[in-house]
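Engineer: So that we are looking at the same thing, I have put the structure below in structure tokens.
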Amino acid sequence: MLQAIRDRVTGIIAWVIVGLISVTFALWGVDSYLGGSASNYAAKVNDTEISTDQYRLGLRQQANRMQAMLGERFDRSMLTTTEFKRAVLNRLVEEELLLQAADDYGLSISDSYLAARIHADSAFQTDGEFDPERYRNLLAQQGMSPSLYEHQLRRSLLINQLISSISTSGIVTEAAVSQGLQLQNQGREIAFLQLPLDPWLERVEVSEDEIAAYYEANSGQFVEPQQVQLKYLELSLDDLRQEISIDEARLRQLYEDEKARLAGEEQRRARHILIELSEGAGAAEEAAARERARAIHQQLQDGADFAELAEAESDDPGSAAQGGDLGFFSRGFMVPEFEQTAFSLEPGRISEPVRSPFGFHIIEVTDIRAKDVPGFEEMRDELHRRATQDEAEQRFYDIADRLSQLTFEIPDSLQPAADELDLEIQTSDWISESGGPGIGQYDQVLNAAFSEDVLDQRNNSQPLEVEPNHVLVLRVAEHQPTRPLPLEAVSDRIRERVAREKAAGQLREHGQALLARLEAGETTLEALAEEASDASLETPGAIKRGDPGVDPVIAARAFKLPRHSDGSVTRDAFVDSRGDYILLELRGVQEPDLQAVGENQRQAFRRNLLQLYGSVEAQALVEQLRAGAEIEINEQLIED
Amino acid sequence: MAESFKTDDEQAEAIKKWLRENGSALLTGIMLGLAALFGGKAWLQYQEQQSMAASNLYAQLSNAVSQGESAVATSVHENLLNEYAGSSYAVLAALQIARLQLDEDNPEAAQAQLEWAYERAGDGPLKHTARVRLLRLLIARDELDRARALLDEVSERGSYAVVYLELEGDLAMAHADYATARTAYEAALAAYPGDLPGRSLLEAKRDDAARVGGEGAA
């Protein structure tokens with residue numbers, strides 16, 4: 001029967017049926033195009049895929065941002081870490097989450113708003129006006145079509161609409177500002193007794209047995225780190241520069257080139273009379289203009305004054321009033337037809353009428369300002385320096401290239417490269433992972449020397465550019481693995497450590513006993529200071545948070561101390577940052593006078609709080625979306 | 001069905017006959033289907049147009065708010081409410097207007113806006129956003145019972161737990177219940193995201209809630 005239908009598809013109705021069927025298939029096709037291939041994505045957020053292309057673009061863009069931010073300190077190896085890749089992918093996922101949320105909330109960006117944003121972007125403007133050509137060219141330079149750019153911009157505007165709605169509209173009440181300022185400016189009146197560690201340290205004794213026991217218990221701490229001794233080839237532009245000689249003939253040639261270049265910078269002053277001819281002018285108009293130009297030219301030949309004639313006849317409104325004078329100009333400033341005549345004419349001679357897009361010009365050169373060309377001897381040093389630099393750079397890149405090739409192809413020796421390139425194999429001092437003398441100062445050297453490829457496989461390193469135009473290739477000559485240090489080598493260090501621990505323990509016990517007496521009301525800080533000769537009483541009065549006049553540990557503790565509801569003293573005992581023991585009393589809390597806080601400080605605090613609430617709430621929003629979404633990450637892509 | 005026909009001619013004749021009898025019904029069906037398809041599309045287009053128009057209004061409004069142009073913001077807000085009160089833009093606009101009104105020292109009006117946004121924010125993160133802001137304002141305005149009730153309405157705190165815990169602390173401080181406040185701030189600190197600023201302010205709040213002696217001793 002199907003055969004029969006095919007044979008008879010002649011009637012209009014049959015075609016309609018076929019048409020309907022094909023529409024169905026066409027629509028089905030669209031779906032699979034939109035969906036993309038199933039296996040190849042970087043992440044999937046609720047069935048929307050983030051393609052590997054988007055991911056790669058994200059990596060590139062983030063790398064560019066980091067390079068711009070870090071400058072010299074930018075290290076390309078950062079880009080291959082899984083942390084970096086995960087962070088980039090995470091960001092893409094977040095963007096997608098926000099986009100989907102914006103969609104769910106029915107948010108959108110209109111064409112007119114999108115257009116307004118593009119038109120307002122000064123990067124796409126010429127003289128303050130949107131310039132469509134500039135727009136297309138700039139995007140083309142970035143390898144983007146306008147429609148791709150507009151798609152991306154629309155996405156980011158939409159994300160921004162949602163997120164900035166949240167982050168800019170936080171509710172900051174006067175009460176919250178006051179409370180924050182109150183906390184920030186609170187004063188706490190303290191007094192403390194400082195019990196120094198040193199006298200206890202002097203009294204304490206440490207036996208050989210104790211040292212040995214400590215060594216046994218903590219043997220892992222007393223090791224000499226692994227070290228390597230390196231062989232390396234070094235190539236630097238500075239060294240190459242020493243070897244280069246430039247012969248006389250070459251310098252002469254360079255001088256001639258330079259002279260020609262300077263001649264091109266000659267400036268001329270000219271005046272002209274313009275007979276204007278509009279662009280679409282016909283043959284008749286042109287003939288008339290030519291005739292008028294000839295007539296003027298003839299008058300000049302007959303001795304008429306150029307300036308007067310220019311003022312009367314010239315159609316160039318800019319110069320006519322100046323007697324046709326155009327001032328000085330260099331090559332490249334005038335239309336070619338004009339320039340050719342102006343730069344070939346002898347001064348004082350009047351040209352035949354010259355046709356340019358503006359019309360006919362009659363030109364006279366009135367002055368020439370030639371660029372001074374210094375003599376050969378005068379320029380000799382400069383030329384020599386330049387030639388040496390060029391030559392050295394050329395040679396540097398050639399040798400570096402070959403060096404890279406040879407040390408890669410023959411990974412188990414530096415000798416062939418040394419022989420062919422006439423470089424000396426040098427040997428470094430012992431270098432540990434934390435550095436060493438000589439080339440041990442360079443991070444790139446340390447990273448390479450202790451890498452799996454160089455240390456375990458004993459291969460040559462890649463060429464390492466330790467400074468601009470300074471390259472090393474190294475390999476490991478000797479390796480000294482981590483080894484335990486003998487007891488004799490560390491017994492002094494151990495003695496000191498054990499002594500400190502014992503003294504601190506005894507001091508703490510002493511301090512705790514004093515604290516107990518204070519809490520029992522048997523004594524006061526003042527009395528204790530009298531009693532003990534080496535304890536000192538400090539009464540700094542009311543301190544502020546992070547007060548620079550007080551040890552940071554003490555200041556922090558003072559603000560952590562609970563206050564007593566009836567205003568009586570509360571106490572704390574602890575070790576300060578120097579190791580001394582502190583008995584601290586909080587004697588009062590002074591709430592600040594908020595009237596005294598200036599309006600500027602208040603405004604600044606309000607802005608900070610607004611920003612803080614904004615970022616906390618925006619982050620919570622993203623995390624909420626993340627928790628409610630089905631997210632798949634292509635882990636393999638990150639591991640690679 | 002196929003076996004009952006002898007020849008292709010007979011089959012063709014049968015199809016023609018069927019079409020004569022059912023053709024108009026088939027055509028009506030197709031027309032209806034197409035109408036539904038294009039009607040649906042038109043509906044989607046209509047919705048998109050509405051959304052874009054609301055988006056433009058909202059962009060004007062948030063621009064006016066950020067410039068502090070109160071009169072412009074208010075009139076755009078009115079337009080937005082007249083035409084698109086049911087859209088999410090109306091909720092976002094209410095959040096912006098609330099902030100503006102608070103800046104202008106009109107907390108009653110700000111609270112009304114936040115209540116409005118809270119009622120219409122749906123179930124997603126915008127609901128939390130509106131509630132958190134309403135809570136900040138209620139506690140500052142000493143409407144502590146309403147704040148308590150609002151906090152109790154939250155069934156799933158999710159990623160907003162940190163914010164709610166801090167608000168629990170603020171609420172307890174307003175009641176001078178230092179022990180509860182300290183516990184709440186402590187919990188907020190434990191859940192505080194490491195890469196956000198503001199930790200030190202939260203720590204200061206926790207430390208300030210530490211009291212001994214008398215009622216509410218920690």
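Chain lettering (A, B, ...) mirrors the order of the structure tokens, residue numbering begins at 1 for each chain separately, and ligand numbering begins at 1 in order of display.
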Please identify every residue of chain B that has at least one atom no more than 6 Å from any atom of chain A, counting only C-alpha atoms, and report them as a PDB file with C-alpha atoms, in the first residue's frame.
Structural biologist:
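Full text of iface23.pdb as output:
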```pdb
ATOM      1  CA  ASP B   8      -3.976  -0.102  -5.813  1.00  0.00           C
ATOM      2  CA  MET B  52      10.303  43.542  29.046  1.00  0.00           C
ATOM      3  CA  SER B  88       8.427  39.796  40.313  1.00  0.00           C
ATOM      4  CA  GLN B  96      14.115  49.199  46.563  1.00  0.00           C
ATOM      5  CA  ARG B  99      15.269  51.174  51.305  1.00  0.00           C
ATOM      6  CA  PRO B 125      14.917  33.047  47.914  1.00  0.00           C
ATOM      7  CA  ARG B 133      14.646  42.764  55.839  1.00  0.00           C
ATOM      8  CA  ALA B 140      14.788  48.091  65.273  1.00  0.00           C
ATOM      9  CA  SER B 159      21.496  28.938  53.396  1.00  0.00           C
ATOM     10  CA  TYR B 160      19.847  31.859  55.211  1.00  0.00           C
ATOM     11  CA  ASP B 207      31.401  39.165  73.104  1.00  0.00           C
ATOM     12  CA  ALA B 210      28.699  37.952  77.609  1.00  0.00           C
ATOM     13  CA  ARG B 211      27.401  38.959  81.061  1.00  0.00           C
ATOM     14  CA  VAL B 212      27.733  37.594  84.580  1.00  0.00           C
ATOM     15  CA  GLY B 213      25.651  38.195  87.688  1.00  0.00           C
ATOM     16  CA  GLY B 214      22.014  39.210  88.016  1.00  0.00           C
TER      17      GLY B 214
END
```
Engineer: Hey, what's within 10 Å of A:Gly187 if we count only C-alpha atoms and toss same-chain stuff fewer than 2 positions away? As a ChimeraX atom specification, please?
Structural biologist: /A:182-185,189-190,541-545,547,559,588-592
Engineer: Pull N, CA and C atoms from the residues just selected and write them as a short mmCIF file (atom, residue, chain, number, x, y, z; two decimals), in the first residue's frame.
Structural biologist:
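Contents of out.cif, as written:
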```
data_model
loop_
_atom_site.label_atom_id
_atom_site.label_comp_id
_atom_site.auth_asym_id
_atom_site.auth_seq_id
_atom_site.Cartn_x
_atom_site.Cartn_y
_atom_site.Cartn_z
N GLN A 182 28.44 51.75 68.55
CA GLN A 182 28.60 51.58 69.98
C GLN A 182 29.62 50.49 70.27
N LEU A 183 29.48 49.36 69.56
CA LEU A 183 30.41 48.26 69.76
C LEU A 183 31.81 48.67 69.33
N GLN A 184 31.87 49.37 68.20
CA GLN A 184 33.17 49.74 67.64
C GLN A 184 33.91 50.71 68.58
N ASN A 185 33.17 51.61 69.20
CA ASN A 185 33.81 52.67 69.98
C ASN A 185 33.76 52.47 71.48
N GLU A 189 37.65 49.71 80.67
CA GLU A 189 38.67 50.12 81.65
C GLU A 189 39.29 48.88 82.25
N ILE A 190 40.59 48.74 82.03
CA ILE A 190 41.24 47.52 82.50
C ILE A 190 42.46 47.85 83.35
N GLY A 541 43.87 52.29 81.76
CA GLY A 541 42.58 52.99 81.75
C GLY A 541 41.64 52.37 80.73
N ALA A 542 40.80 53.23 80.10
CA ALA A 542 39.81 52.71 79.14
C ALA A 542 40.46 52.52 77.79
N ILE A 543 40.49 51.28 77.32
CA ILE A 543 41.08 51.02 76.00
C ILE A 543 39.97 50.78 74.98
N LYS A 544 40.34 50.99 73.70
CA LYS A 544 39.42 50.73 72.59
C LYS A 544 39.75 49.37 71.99
N ARG A 545 38.83 48.85 71.17
CA ARG A 545 39.10 47.63 70.42
C ARG A 545 40.38 47.78 69.60
N ASP A 547 43.29 48.47 70.45
CA ASP A 547 44.11 49.60 70.92
C ASP A 547 45.59 49.33 70.66
N PHE A 559 38.11 42.56 75.59
CA PHE A 559 36.79 42.73 74.98
C PHE A 559 35.99 41.43 74.94
N GLY A 588 35.46 48.30 84.30
CA GLY A 588 34.29 49.09 83.92
C GLY A 588 34.15 49.13 82.41
N VAL A 589 32.92 49.36 81.95
CA VAL A 589 32.66 49.48 80.52
C VAL A 589 32.12 50.88 80.26
N GLN A 590 32.75 51.58 79.32
CA GLN A 590 32.27 52.92 78.99
C GLN A 590 31.59 52.91 77.63
N GLU A 591 30.27 53.08 77.64
CA GLU A 591 29.57 53.17 76.35
C GLU A 591 29.89 54.54 75.76
N PRO A 592 30.16 54.57 74.46
CA PRO A 592 30.57 55.83 73.85
C PRO A 592 29.39 56.79 73.73
#
```
Engineer: Would you kindly return, as a PyMOL selection string, each protein, DNA or RNA residue with an atom no farther than 9 Å from any atom of stretch 173-190 of chain B, considering only C-alpha atoms and excluding same-chain residues fewer than 3 positions away?
Structural biologist: chain B and resi 139-140+142+144+161-170+193+199+202-203+205-211+215-218
Engineer: Within stretch 516-556 of chain A, find each residue whose DSSP state, derived from the backbone, is strand (DSSP E or B), and express the selection as a ChimeraX atom specification.
Structural biologist: /A:536-543
Engineer: One decimal, in Å: what's the spacing between atom CA of A:Leu383 and atom CA of A:Arg268?
Structural biologist: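 It comes out at 27.8 Å.
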